[in-house]
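Right, one structure below, let's go through it.
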Amino acid sequence: MKRILIVVVLLLPLMLLGNVKAGKTIAGASGVIGIKPSGMVAIGGLYGKMLTDNVEVGLSSSFMKMTGLPNLFSVGVYSYYHYTLTDAIVPFGGFDFEMPVKPTFTNTLNINVGFDYFLSESVALRVYNNFAVPKFTFSNYTDQIMIGAVAYF
């Protein structure tokens, strides 16, 4: 984790050179198969808008299955700040606040840092680290790498 933070700090001045254009709508999906905690499979979706050249906000949803626990489903809101390194690589960072749909699920704050790698002008591969903090207690967190795709239209 320290290496990721060092890379972000060193690249931050370069990240401030470009942006993703305001007014674009974003739709996407991502997923993960967990190694730790083991037996976890999660699928997420999002729908949002670029409010400014760098700020993305929208709605998110998540379905998670963990060994020995009931299926979990949540909906939430998210906000990311984008930086453009090149036309193809756009790092971002932000948060996703999930609210329970089932009574057995808890509010979760997700801190996400990653990048979009554009395969075309409007489709990108999205890879990010998802640091999830249930009930806002840092003693019971999970940390996964999520991989998905997003479309900008």
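Each chain in the structure tokens gets a letter, A, B, ..., in the order shown, and its residues are numbered from 1; ligands are numbered from 1 in order too.
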
Within 12 Å of Leu119 (chain A), counting only C-alpha atoms, which residues qualify if same-chain residues fewer than 2 places away don't, as a short mmCIF file (atom, residue, chain, number, x, y, z; two decimals) with C-alpha atoms, in the first residue's frame?
data_model
loop_
_atom_site.label_atom_id
_atom_site.label_comp_id
_atom_site.auth_asym_id
_atom_site.auth_seq_id
_atom_site.Cartn_x
_atom_site.Cartn_y
_atom_site.Cartn_z
CA ASP A 87 -5.25 10.35 -24.03
CA ALA A 88 -5.39 6.67 -23.01
CA ILE A 89 -4.64 6.76 -19.26
CA VAL A 90 -6.87 8.65 -16.81
CA ASP A 116 -9.31 4.19 -16.78
CA TYR A 117 -7.38 2.83 -19.75
CA GLU A 121 -12.64 7.18 -27.61
CA SER A 122 -15.61 6.17 -25.44
CA VAL A 123 -14.83 2.76 -23.85
CA ALA A 124 -12.31 2.24 -21.06
CA LEU A 125 -11.01 -0.61 -18.97
CA ARG A 126 -11.37 0.49 -15.32
CA ALA A 149 -15.37 -1.53 -18.07
CA VAL A 150 -16.99 1.89 -18.43
CA ALA A 151 -18.52 3.70 -21.37
CA TYR A 152 -18.43 7.49 -21.76
#

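When only C-alpha atoms are used to measure the gap to Ser74 (chain A), the shortest distance among A:Ser120, A:Thr142, A:Ser30, A:Ser61 belongs to A:Ser61.
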
Length of the CA of Met50 (chain A) to CA of Asn112 (chain A) vector [Å]: 17.0 Å

Selection: 7 Å around Val113 (chain A), only C-alpha atoms, excl. self and same-chain fewer than 2 positions, as a PDB file with C-alpha atoms, in the first residue's frame:
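See part_21.pdb below for the written result:
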ATOM      1  CA  PHE A  92      -8.966   8.782 -10.567  1.00  0.00           C
ATOM      2  CA  GLY A  93      -9.661   8.701  -6.867  1.00  0.00           C
ATOM      3  CA  GLY A  94     -12.747   9.115  -4.733  1.00  0.00           C
ATOM      4  CA  ILE A 111     -12.312   4.516  -0.900  1.00  0.00           C
ATOM      5  CA  TYR A 128      -9.050   0.262  -9.154  1.00  0.00           C
ATOM      6  CA  ASN A 129      -8.285  -0.600  -5.563  1.00  0.00           C
TER       7      ASN A 129
END

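When CA of Thr108 (chain A) is paired with CA of Val75 (chain A), their separation reads 10.3 Å.
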
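Restricting the calculation to only C-alpha atoms, the smallest distance between His82 (chain A) and any of A:Thr25, A:Asn110, A:Asn54, A:Gln144 is found for A:Asn54.
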
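Of note, CA of Ala27 (chain A) and CA of Met66 (chain A) are spaced 25.8 Å apart.
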
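All residues of protein, DNA or RNA that reach within 9 Å of Gly58 (chain A), judged by only C-alpha atoms and not counting those fewer than 5 positions away in the chain, are Ile26, Leu46, Tyr47, Gly48, Lys49, Met50, Gly76, Val77, Tyr78 and Ser79 of chain A.
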